[in-house]
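Coordinates as given in my_file07.json (JSON, C-alpha atoms):
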```json
[["chain", "number", "residue", "atom", "x", "y", "z"],
["A", 975, "MET", "CA", 87.59, 87.00, 79.42],
["A", 976, "THR", "CA", 86.50, 89.01, 76.39],
["A", 977, "LYS", "CA", 86.25, 92.75, 76.95],
["A", 978, "LYS", "CA", 82.99, 94.46, 76.12],
["A", 979, "LYS", "CA", 83.03, 96.48, 72.95],
["A", 980, "ASN", "CA", 83.25, 100.21, 73.63],
["A", 981, "PRO", "CA", 79.88, 101.85, 72.96],
["A", 982, "ASN", "CA", 79.42, 104.70, 70.51],
["A", 983, "LEU", "CA", 79.49, 107.62, 72.94],
["A", 984, "TRP", "CA", 77.85, 109.91, 70.38],
["A", 985, "HIS", "CA", 74.78, 107.70, 70.06],
["A", 986, "PRO", "CA", 71.54, 109.65, 70.72],
["A", 987, "ARG", "CA", 70.93, 107.71, 73.93],
["A", 988, "PHE", "CA", 73.96, 109.49, 75.41],
["A", 989, "TRP", "CA", 73.00, 113.04, 74.38],
["A", 990, "LEU", "CA", 71.48, 113.80, 77.78],
["A", 991, "SER", "CA", 74.70, 112.58, 79.41],
["A", 992, "TRP", "CA", 76.73, 114.94, 77.21],
["A", 993, "ALA", "CA", 74.41, 117.78, 78.22],
["A", 994, "ILE", "CA", 75.15, 116.98, 81.87],
["A", 995, "VAL", "CA", 78.88, 116.97, 81.15],
["A", 996, "PHE", "CA", 78.58, 120.39, 79.49],
["A", 997, "LEU", "CA", 76.62, 121.76, 82.45],
["A", 998, "LEU", "CA", 79.25, 120.48, 84.89],
["A", 999, "TYR", "CA", 81.97, 122.03, 82.75],
["A", 1000, "LEU", "CA", 80.18, 125.39, 82.98],
["A", 1001, "LEU", "CA", 79.97, 124.99, 86.77],
["A", 1002, "SER", "CA", 83.70, 124.30, 86.87],
["A", 1003, "LEU", "CA", 84.30, 127.78, 85.43],
["A", 1004, "LEU", "CA", 82.84, 129.45, 88.51],
["A", 1005, "PRO", "CA", 85.40, 130.94, 90.92],
["A", 1006, "MET", "CA", 86.04, 128.66, 93.89],
["A", 1007, "VAL", "CA", 84.38, 131.07, 96.31],
["A", 1008, "SER", "CA", 81.23, 130.92, 94.17],
["A", 1009, "LYS", "CA", 81.41, 127.12, 94.12],
["A", 1010, "GLN", "CA", 81.53, 127.10, 97.92],
["A", 1011, "ARG", "CA", 78.57, 129.46, 98.28],
["A", 1012, "PHE", "CA", 76.50, 127.62, 95.69],
["A", 1013, "GLY", "CA", 77.46, 124.30, 97.27],
["A", 1014, "ALA", "CA", 76.14, 125.47, 100.63],
["A", 1015, "ARG", "CA", 72.80, 126.52, 99.16],
["A", 1016, "LEU", "CA", 72.46, 123.43, 97.02],
["A", 1017, "GLY", "CA", 73.47, 121.17, 99.90],
["A", 1018, "ARG", "CA", 70.73, 122.57, 102.13],
["A", 1019, "PHE", "CA", 68.21, 122.13, 99.33],
["A", 1020, "LEU", "CA", 69.29, 118.53, 98.67],
["A", 1021, "SER", "CA", 69.15, 117.63, 102.36],
["A", 1022, "ARG", "CA", 65.42, 118.38, 102.21],
["A", 1023, "LYS", "CA", 64.73, 116.83, 98.81],
["A", 1024, "LEU", "CA", 66.84, 113.65, 98.89],
["A", 1025, "LYS", "CA", 64.95, 112.17, 101.80],
["A", 1026, "SER", "CA", 66.18, 108.60, 101.38],
["A", 1027, "ARG", "CA", 69.82, 109.73, 101.45],
["A", 1028, "ALA", "CA", 69.09, 111.98, 104.42],
["A", 1029, "ARG", "CA", 67.58, 109.01, 106.28],
["A", 1030, "VAL", "CA", 70.70, 106.93, 105.57],
["A", 1031, "ALA", "CA", 72.95, 109.72, 106.86],
["A", 1032, "ASP", "CA", 70.77, 110.24, 109.92],
["A", 1033, "ARG", "CA", 70.78, 106.51, 110.71],
["A", 1034, "ASN", "CA", 74.56, 106.30, 110.30],
["A", 1035, "LEU", "CA", 75.03, 109.21, 112.68],
["A", 1036, "GLU", "CA", 72.52, 107.80, 115.16],
["A", 1037, "VAL", "CA", 74.51, 104.57, 115.30],
["A", 1038, "CYS", "CA", 77.96, 106.16, 115.43],
["A", 1039, "PHE", "CA", 77.16, 109.12, 117.70],
["A", 1040, "PRO", "CA", 74.41, 107.86, 120.07],
["A", 1041, "ASP", "CA", 75.01, 110.76, 122.46],
["A", 1042, "LEU", "CA", 73.87, 113.34, 119.89],
["A", 1043, "ASP", "CA", 70.32, 114.53, 120.39],
["A", 1044, "GLU", "CA", 67.96, 114.60, 117.43],
["A", 1045, "ALA", "CA", 68.37, 118.32, 116.74],
["A", 1046, "ALA", "CA", 72.17, 118.10, 116.69],
["A", 1047, "ARG", "CA", 72.00, 115.03, 114.47],
["A", 1048, "LYS", "CA", 69.66, 116.71, 112.00],
["A", 1049, "GLN", "CA", 72.01, 119.69, 111.80],
["A", 1050, "LEU", "CA", 74.95, 117.39, 111.17],
["A", 1051, "VAL", "CA", 73.02, 115.69, 108.34],
["A", 1052, "GLU", "CA", 72.50, 119.09, 106.70],
["A", 1053, "ASP", "CA", 76.15, 120.01, 107.25],
["A", 1054, "ASN", "CA", 77.16, 116.73, 105.64],
["A", 1055, "PHE", "CA", 75.04, 117.43, 102.57],
["A", 1056, "ILE", "CA", 76.70, 120.83, 102.31],
["A", 1057, "ALA", "CA", 80.20, 119.35, 102.67],
["A", 1058, "CYS", "CA", 79.54, 116.64, 100.07],
["A", 1059, "THR", "CA", 77.89, 119.04, 97.60],
["A", 1060, "ARG", "CA", 80.84, 121.39, 97.92],
["A", 1061, "GLY", "CA", 83.09, 118.40, 97.38],
["A", 1062, "PHE", "CA", 81.30, 117.55, 94.15],
["A", 1063, "LEU", "CA", 81.72, 121.10, 92.84],
["A", 1064, "GLU", "CA", 85.38, 120.98, 93.86],
["A", 1065, "SER", "CA", 85.65, 117.79, 91.82],
["A", 1066, "THR", "CA", 84.53, 119.68, 88.70],
["A", 1067, "HIS", "CA", 87.38, 122.08, 89.40],
["A", 1068, "ALA", "CA", 89.85, 119.19, 89.55],
["A", 1069, "TRP", "CA", 88.49, 117.73, 86.29],
["A", 1070, "TRP", "CA", 88.93, 120.88, 84.20],
["A", 1071, "ARG", "CA", 90.64, 123.74, 86.03],
["A", 1072, "ASP", "CA", 94.12, 124.60, 87.24],
["A", 1073, "MET", "CA", 94.88, 122.96, 90.59],
["A", 1074, "SER", "CA", 98.32, 124.44, 91.15],
["A", 1075, "PRO", "CA", 97.12, 127.31, 93.42],
["A", 1076, "TYR", "CA", 95.77, 124.75, 95.89],
["A", 1077, "TYR", "CA", 99.03, 122.84, 96.24],
["A", 1078, "GLU", "CA", 100.57, 125.70, 98.20],
["A", 1079, "MET", "CA", 97.50, 126.32, 100.35],
["A", 1080, "THR", "CA", 97.26, 122.67, 101.47],
["A", 1081, "ASP", "CA", 98.64, 121.87, 104.90],
["A", 1082, "VAL", "CA", 100.60, 118.62, 104.51],
["A", 1083, "GLN", "CA", 101.47, 116.65, 107.65],
["A", 1084, "GLY", "CA", 103.56, 113.50, 107.94],
["A", 1085, "LEU", "CA", 105.31, 113.93, 104.59],
["A", 1086, "GLU", "CA", 108.46, 112.51, 106.19],
["A", 1087, "HIS", "CA", 106.62, 109.18, 106.63],
["A", 1088, "LEU", "CA", 105.77, 109.08, 102.94],
["A", 1089, "ARG", "CA", 109.37, 109.88, 102.00],
["A", 1090, "GLU", "CA", 110.60, 107.10, 104.28],
["A", 1091, "ALA", "CA", 108.27, 104.63, 102.57],
["A", 1092, "GLN", "CA", 109.33, 105.80, 99.11],
["A", 1093, "GLU", "CA", 112.99, 105.31, 99.96],
["A", 1094, "LYS", "CA", 112.36, 101.62, 100.60],
["A", 1095, "GLY", "CA", 111.70, 101.26, 96.86],
["A", 1096, "LYS", "CA", 108.97, 98.63, 97.21],
["A", 1097, "GLY", "CA", 105.96, 100.81, 96.51],
["A", 1098, "VAL", "CA", 103.48, 102.49, 98.83],
["A", 1099, "LEU", "CA", 99.85, 101.53, 99.49],
["A", 1100, "LEU", "CA", 97.93, 104.56, 100.76],
["A", 1101, "ILE", "CA", 94.87, 103.51, 102.74],
["A", 1102, "GLY", "CA", 92.16, 106.17, 102.90],
["A", 1103, "GLY", "CA", 88.44, 106.76, 103.30],
["A", 1104, "HIS", "CA", 85.57, 108.53, 101.56],
["A", 1105, "TYR", "CA", 85.66, 112.11, 102.79],
["A", 1106, "SER", "CA", 83.83, 115.03, 101.20],
["A", 1107, "ILE", "CA", 86.78, 116.00, 98.99],
["A", 1108, "PHE", "CA", 87.62, 113.05, 96.80],
["A", 1109, "ASP", "CA", 88.52, 113.85, 93.20],
["A", 1110, "PHE", "CA", 89.80, 117.22, 94.38],
["A", 1111, "ALA", "CA", 92.08, 115.38, 96.79],
["A", 1112, "LEU", "CA", 93.62, 113.19, 94.08],
["A", 1113, "PRO", "CA", 96.06, 115.84, 92.77],
["A", 1114, "LEU", "CA", 96.69, 117.11, 96.31],
["A", 1115, "LEU", "CA", 97.98, 113.62, 97.10],
["A", 1116, "ALA", "CA", 99.54, 112.84, 93.72],
["A", 1117, "GLN", "CA", 101.79, 115.90, 93.83],
["A", 1118, "HIS", "CA", 103.86, 114.11, 96.50],
["A", 1119, "LEU", "CA", 104.06, 110.79, 94.64],
["A", 1120, "LYS", "CA", 106.64, 109.61, 92.12],
["A", 1121, "LYS", "CA", 104.45, 107.00, 90.36],
["A", 1122, "PRO", "CA", 100.87, 107.73, 91.47],
["A", 1123, "GLY", "CA", 97.94, 105.38, 91.06],
["A", 1124, "TYR", "CA", 94.47, 104.94, 92.54],
["A", 1125, "VAL", "CA", 91.72, 102.35, 92.84],
["A", 1126, "TYR", "CA", 88.31, 103.23, 91.39],
["A", 1127, "ARG", "CA", 84.92, 101.83, 90.46],
["A", 1128, "PRO", "CA", 83.97, 102.59, 86.84],
["A", 1129, "ASN", "CA", 80.77, 104.57, 86.43],
["A", 1130, "ASN", "CA", 77.94, 102.64, 84.79],
["A", 1131, "ASN", "CA", 77.38, 105.48, 82.31],
["A", 1132, "PRO", "CA", 80.29, 105.43, 79.81],
["A", 1133, "VAL", "CA", 80.04, 109.16, 79.06],
["A", 1134, "ILE", "CA", 80.13, 110.11, 82.74],
["A", 1135, "ASP", "CA", 82.90, 107.57, 83.32],
["A", 1136, "ARG", "CA", 84.94, 109.14, 80.52],
["A", 1137, "MET", "CA", 84.47, 112.59, 82.02],
["A", 1138, "ILE", "CA", 85.52, 111.51, 85.50],
["A", 1139, "GLU", "CA", 88.49, 109.39, 84.48],
["A", 1140, "ASN", "CA", 89.86, 111.93, 81.99],
["A", 1141, "GLY", "CA", 89.59, 114.54, 84.73],
["A", 1142, "ARG", "CA", 91.48, 112.38, 87.19],
["A", 1143, "ARG", "CA", 94.20, 111.13, 84.88],
["A", 1144, "ARG", "CA", 95.30, 114.55, 83.66],
["A", 1145, "HIS", "CA", 97.13, 115.12, 86.96],
["A", 1146, "PHE", "CA", 100.70, 113.84, 87.34],
["A", 1147, "GLY", "CA", 100.14, 110.87, 85.03],
["A", 1148, "ILE", "CA", 98.13, 109.11, 87.71],
["A", 1149, "ARG", "CA", 97.28, 105.51, 86.80],
["A", 1150, "PRO", "CA", 93.88, 103.95, 87.50],
["A", 1151, "PHE", "CA", 93.14, 100.41, 88.69],
["A", 1152, "THR", "CA", 89.73, 98.84, 89.11],
["A", 1153, "LYS", "CA", 89.15, 96.52, 92.04],
["A", 1154, "ARG", "CA", 89.42, 93.61, 89.60],
["A", 1155, "GLU", "CA", 92.91, 94.61, 88.49],
["A", 1156, "LEU", "CA", 94.78, 93.36, 91.54],
["A", 1157, "ARG", "CA", 97.51, 91.61, 89.56],
["A", 1158, "PRO", "CA", 98.62, 94.66, 87.54],
["A", 1159, "MET", "CA", 98.28, 96.78, 90.68],
["A", 1160, "VAL", "CA", 100.62, 94.47, 92.57],
["A", 1161, "GLY", "CA", 103.09, 94.62, 89.67],
["A", 1162, "PHE", "CA", 102.86, 98.41, 89.68],
["A", 1163, "LEU", "CA", 103.61, 98.53, 93.41],
["A", 1164, "LYS", "CA", 106.54, 96.14, 93.09],
["A", 1165, "LYS", "CA", 108.10, 98.59, 90.62],
["A", 1166, "GLY", "CA", 107.88, 101.45, 93.11],
["A", 1167, "GLY", "CA", 104.37, 102.69, 92.34],
["A", 1168, "GLU", "CA", 102.13, 104.33, 94.90],
["A", 1169, "VAL", "CA", 98.42, 103.47, 94.99],
["A", 1170, "TRP", "CA", 95.66, 105.28, 96.85],
["A", 1171, "PHE", "CA", 92.88, 102.96, 97.99],
["A", 1172, "ALA", "CA", 89.73, 104.24, 99.75],
["A", 1173, "CYS", "CA", 88.69, 100.91, 101.22],
["A", 1174, "ASP", "CA", 85.89, 101.83, 103.65],
["A", 1175, "GLN", "CA", 83.19, 100.07, 101.64],
["A", 1176, "ASP", "CA", 80.66, 97.34, 102.23],
["A", 1177, "PHE", "CA", 80.30, 94.93, 99.31],
["A", 1178, "GLY", "CA", 77.23, 93.17, 100.66],
["A", 1179, "HIS", "CA", 77.25, 89.38, 100.32],
["A", 1180, "LYS", "CA", 80.96, 89.49, 99.44],
["A", 1181, "THR", "CA", 81.83, 90.78, 102.91],
["A", 1182, "GLU", "CA", 84.70, 88.74, 104.33],
["A", 1183, "LEU", "CA", 84.99, 89.95, 107.91],
["A", 1184, "PHE", "CA", 83.44, 92.30, 110.46],
["A", 1185, "VAL", "CA", 85.44, 94.80, 112.49],
["A", 1186, "PRO", "CA", 84.25, 97.42, 115.01],
["A", 1187, "PHE", "CA", 83.70, 100.89, 113.55],
["A", 1188, "PHE", "CA", 82.35, 103.35, 116.11],
["A", 1189, "GLY", "CA", 81.57, 100.29, 118.21],
["A", 1190, "VAL", "CA", 79.49, 98.64, 115.47],
["A", 1191, "GLU", "CA", 80.54, 95.38, 113.82],
["A", 1192, "THR", "CA", 81.07, 96.62, 110.26],
["A", 1193, "GLY", "CA", 81.61, 94.72, 107.03],
["A", 1194, "CYS", "CA", 85.13, 95.26, 105.71],
["A", 1195, "ILE", "CA", 87.26, 94.09, 102.81],
["A", 1196, "THR", "CA", 90.58, 92.24, 103.09],
["A", 1197, "SER", "CA", 92.10, 93.17, 99.73],
["A", 1198, "PRO", "CA", 94.42, 95.84, 101.23],
["A", 1199, "SER", "CA", 96.06, 93.14, 103.35],
["A", 1200, "TYR", "CA", 96.43, 90.85, 100.35],
["A", 1201, "ILE", "CA", 97.90, 93.62, 98.20],
["A", 1202, "ALA", "CA", 100.39, 94.60, 100.89],
["A", 1203, "LYS", "CA", 101.41, 90.99, 101.51],
["A", 1204, "VAL", "CA", 102.08, 89.96, 97.91],
["A", 1205, "SER", "CA", 103.58, 93.27, 96.76],
["A", 1206, "GLY", "CA", 105.77, 94.01, 99.77],
["A", 1207, "ALA", "CA", 104.63, 97.65, 99.64],
["A", 1208, "SER", "CA", 104.81, 99.89, 102.67],
["A", 1209, "VAL", "CA", 101.37, 100.84, 103.99],
["A", 1210, "ILE", "CA", 100.47, 104.34, 105.13],
["A", 1211, "CYS", "CA", 97.07, 105.65, 106.18],
["A", 1212, "VAL", "CA", 96.10, 108.98, 104.65],
["A", 1213, "SER", "CA", 93.34, 111.53, 105.21],
["A", 1214, "HIS", "CA", 92.30, 114.57, 103.17],
["A", 1215, "LEU", "CA", 89.95, 117.17, 104.57],
["A", 1216, "ARG", "CA", 88.51, 120.60, 103.88],
["A", 1217, "MET", "CA", 89.17, 122.58, 107.03],
["A", 1218, "PRO", "CA", 86.71, 125.05, 108.59],
["A", 1219, "ASP", "CA", 88.77, 128.00, 107.31],
["A", 1220, "GLY", "CA", 88.36, 126.78, 103.71],
["A", 1221, "ARG", "CA", 91.91, 125.49, 103.35],
["A", 1222, "TYR", "CA", 92.77, 121.83, 102.82],
["A", 1223, "ARG", "CA", 94.81, 119.34, 104.82],
["A", 1224, "VAL", "CA", 96.49, 116.07, 103.90],
["A", 1225, "VAL", "CA", 97.90, 113.82, 106.63],
["A", 1226, "TYR", "CA", 100.17, 110.80, 106.09],
["A", 1227, "SER", "CA", 100.47, 108.38, 109.00],
["A", 1228, "PRO", "CA", 103.67, 106.58, 110.00],
["A", 1229, "ILE", "CA", 104.35, 103.34, 108.12],
["A", 1230, "GLN", "CA", 102.08, 100.59, 109.43],
["A", 1231, "GLU", "CA", 104.62, 97.93, 110.32],
["A", 1232, "GLY", "CA", 103.53, 94.31, 109.91],
["A", 1233, "PHE", "CA", 100.59, 95.19, 107.69],
["A", 1234, "GLY", "CA", 99.61, 92.22, 105.53],
["A", 1235, "VAL", "CA", 100.17, 89.51, 108.15],
["A", 1236, "ASP", "CA", 96.73, 89.54, 109.83],
["A", 1237, "SER", "CA", 93.70, 90.85, 107.92],
["A", 1238, "GLN", "CA", 91.68, 91.34, 111.09],
["A", 1239, "LYS", "CA", 94.35, 93.49, 112.73],
["A", 1240, "ASP", "CA", 95.03, 95.36, 109.49],
["A", 1241, "THR", "CA", 91.38, 96.28, 109.15],
["A", 1242, "GLU", "CA", 91.25, 97.40, 112.77],
["A", 1243, "VAL", "CA", 94.19, 99.72, 112.02],
["A", 1244, "TRP", "CA", 92.64, 101.57, 109.10],
["A", 1245, "ASN", "CA", 89.15, 101.52, 110.60],
["A", 1246, "ARG", "CA", 90.53, 103.19, 113.72],
["A", 1247, "TYR", "CA", 92.46, 105.75, 111.65],
["A", 1248, "ILE", "CA", 89.36, 106.69, 109.65],
["A", 1249, "GLU", "CA", 87.28, 106.83, 112.82],
["A", 1250, "ASP", "CA", 89.76, 109.20, 114.51],
["A", 1251, "THR", "CA", 89.71, 111.45, 111.43],
["A", 1252, "ILE", "CA", 85.91, 111.51, 111.39],
["A", 1253, "ARG", "CA", 85.72, 112.46, 115.05],
["A", 1254, "GLU", "CA", 87.75, 115.58, 114.31],
["A", 1255, "LEU", "CA", 85.41, 116.84, 111.56],
["A", 1256, "PRO", "CA", 82.34, 114.57, 111.40],
["A", 1257, "ASP", "CA", 80.61, 116.54, 108.65],
["A", 1258, "GLN", "CA", 83.42, 115.68, 106.21],
["A", 1259, "TYR", "CA", 82.72, 111.95, 105.94],
["A", 1260, "LEU", "CA", 80.45, 110.42, 103.30],
["A", 1261, "TRP", "CA", 77.61, 109.52, 105.65],
["A", 1262, "LEU", "CA", 75.26, 109.37, 102.66],
["A", 1263, "HIS", "CA", 76.38, 105.84, 101.78],
["A", 1264, "LYS", "CA", 75.30, 102.69, 103.64],
["A", 1265, "ARG", "CA", 78.41, 101.87, 105.62],
["A", 1266, "PHE", "CA", 76.58, 99.23, 107.71],
["A", 1267, "LYS", "CA", 74.78, 97.43, 104.89],
["A", 1268, "SER", "CA", 76.10, 93.97, 105.80],
["A", 1269, "ARG", "CA", 75.49, 92.57, 109.27],
["A", 1270, "PRO", "CA", 77.01, 89.63, 111.15],
["A", 1271, "GLU", "CA", 74.86, 86.53, 111.40],
["A", 1272, "GLY", "CA", 72.08, 87.07, 113.91],
["A", 1273, "ALA", "CA", 72.58, 90.83, 114.17],
["A", 1274, "ASP", "CA", 69.73, 93.27, 113.60],
["A", 1275, "LYS", "CA", 69.63, 95.25, 110.37],
["A", 1276, "ILE", "CA", 70.55, 98.92, 110.64],
["A", 1277, "TYR", "CA", 68.72, 100.24, 107.59]]
```

Take the structure from the file and write it as structure tokens.
Amino acid sequence: MTKKKNPNLWHPRFWLSWAIVFLLYLLSLLPMVSKQRFGARLGRFLSRKLKSRARVADRNLEVCFPDLDEAARKQLVEDNFIACTRGFLESTHAWWRDMSPYYEMTDVQGLEHLREAQEKGKGVLLIGGHYSIFDFALPLLAQHLKKPGYVYRPNNNPVIDRMIENGRRRHFGIRPFTKRELRPMVGFLKKGGEVWFACDQDFGHKTELFVPFFGVETGCITSPSYIAKVSGASVICVSHLRMPDGRYRVVYSPIQEGFGVDSQKDTEVWNRYIEDTIRELPDQYLWLHKRFKSRPEGADKIY
């Protein structure tokens, strides 16, 4: 397949994109405490203005937490906007600023499981989810890895994509893989690489199986099982959260033995792990995306 020719990023049609990049760079210069305060104010504002996203979040929470009354659910929607907006501002910090102070202030649990997997020498597949800290979490995870990599979806805007990927790759030589680059990813894992894969996504008509998530049959992907099977990599579930006290926490699960044999069981494993993490701090999950977009045949639509 012929690759598309790289566009001229300095073409006038991208000038607005460059202005956005410059604005985000200026925001990255704010002290972290100012980012958190601004993120809280902006998050509350966006929860009122981005009504379609707020409806998606509200519907997700209604389905997953049916015992919540409307007032509690509305408050959780606002809290989620705040958490995600703070996460975006934290991402700007990871793209341009020094992350080393946050390595020491991150509570890391289960590191012995990661070390055990690394000693096997067959690579490590880190299964995660979309929590409010994402790009900020990349270096927090990568600092423990010997050959770090991650799976990503390229941004449609080449200027914004360049900004994001340059910001990610400057940490620990982390290597990116798109979802279409399974073969090089498998080769990377076979050579002892470690790849972080946030796989809690619904790809619509490409959905291959449905697995319960908060009691709802949810469209899931099977590529983690395929990757683990053909690469022989150890599989560990991982979570990364901003805690209520403002510190950060990374948790590595024990090695998931037998992962790669049965896609259905594998998906139940990481779905359950993500669900348990969400229950601890429900505002930290990315409720703004349509997790239940695909439905089993005959099931009612959620959105």

Hey, what's within 8 Å of Arg1047 (chain A) if we count all atoms listed in the file and toss same-chain stuff fewer than 6 positions away? As a list in words, please?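 My reading of the contact set: Asp1032, Leu1035 and Glu1036 of chain A.
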
List the neighbours of Leu1024 (chain A) out to 12 Å using all atoms listed in the file; skip same-chain residues closer than 5 positions along the sequence, and give me the result as a CSV table (one decimal) with C-alpha atoms, in the frame of the given file.
```
chain,number,residue,atom,x,y,z
A,1016,LEU,CA,72.5,123.4,97.0
A,1017,GLY,CA,73.5,121.2,99.9
A,1018,ARG,CA,70.7,122.6,102.1
A,1019,PHE,CA,68.2,122.1,99.3
A,1029,ARG,CA,67.6,109.0,106.3
A,1030,VAL,CA,70.7,106.9,105.6
A,1031,ALA,CA,73.0,109.7,106.9
A,1051,VAL,CA,73.0,115.7,108.3
A,1052,GLU,CA,72.5,119.1,106.7
A,1055,PHE,CA,75.0,117.4,102.6
A,1262,LEU,CA,75.3,109.4,102.7
```

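The smallest atom-to-atom distance between Arg1246 (chain A) and any of A:Phe1187, A:Phe1012, A:Tyr1277, A:Phe1171, using all atoms listed in the file, is found for A:Phe1187.
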
Taking only C-alpha atoms into account, which of A:Val1007, A:Ala1202, A:Leu1115, A:Val1212 comes nearest Asp1236 (chain A)?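 Among the listed residues, A:Ala1202 lies closest to Asp1236 (chain A).
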
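Among A:Asn1054, A:Asn982, A:Thr1241, A:Thr1059, the residue with the shortest atom-to-atom distance to Arg1015 (chain A), counting all atoms listed in the file, is A:Thr1059.
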
Considering all atoms listed in the file, return as number ranges by chain whatever protein or nucleic-acid residues lie within 10 Å of Val1224 (chain A), sequence-local ones (same chain, fewer than 4 positions apart) excluded. A: 1080-1085, 1111, 1114-1115, 1212-1216

From the list A:Gly1232, A:Lys1025, A:Lys1275, A:Arg1269, which residue is nearest Lys1180 (chain A) when using all atoms listed in the file? A:Arg1269

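If you look at CA of Phe1162 (chain A) and CA of Thr1181 (chain A), they are 26.0 Å away from each other.
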
Could you check how far CA of Pro1150 (chain A) sits from CA of Arg1127 (chain A), in Å to one decimal? 9.7 Å

Distance CA of Val1125 (chain A)-CA of Val1169 (chain A), one decimal place?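 Spanning CA of Val1125 (chain A) to CA of Val1169 (chain A) is a straight-line distance of 7.1 Å.
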
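Each of A:Tyr1076, A:Phe1266, A:Trp1261, A:Phe1110 was compared to Cys1194 (chain A) using all atoms listed in the file, and A:Phe1266 turns out to be the nearest.
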
Using only C-alpha atoms, which of the listed residues (A:Gly1206, A:Gly1061, A:Pro1005, A:Gly1097) sits closest to Leu1260 (chain A)? A:Gly1061

With a distance cut-off of 10 Å and all atoms listed in the file, select the neighbouring residues of Glu1090 (chain A), excluding the residue or stretch itself and same-chain residues fewer than 5 positions from it, and output the selection as a list in words.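 Contacts, in chain order: Leu1085, Gly1095, Ser1208, Pro1228 and Ile1229 of chain A.
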
Residues at most 12 Å from Asn1140 (chain A), counting all atoms listed in the file, excluding those fewer than 2 positions away in the same chain, as a ChimeraX atom specification? /A:1066,1068-1070,1109,1132-1138,1142-1145,1147-1150
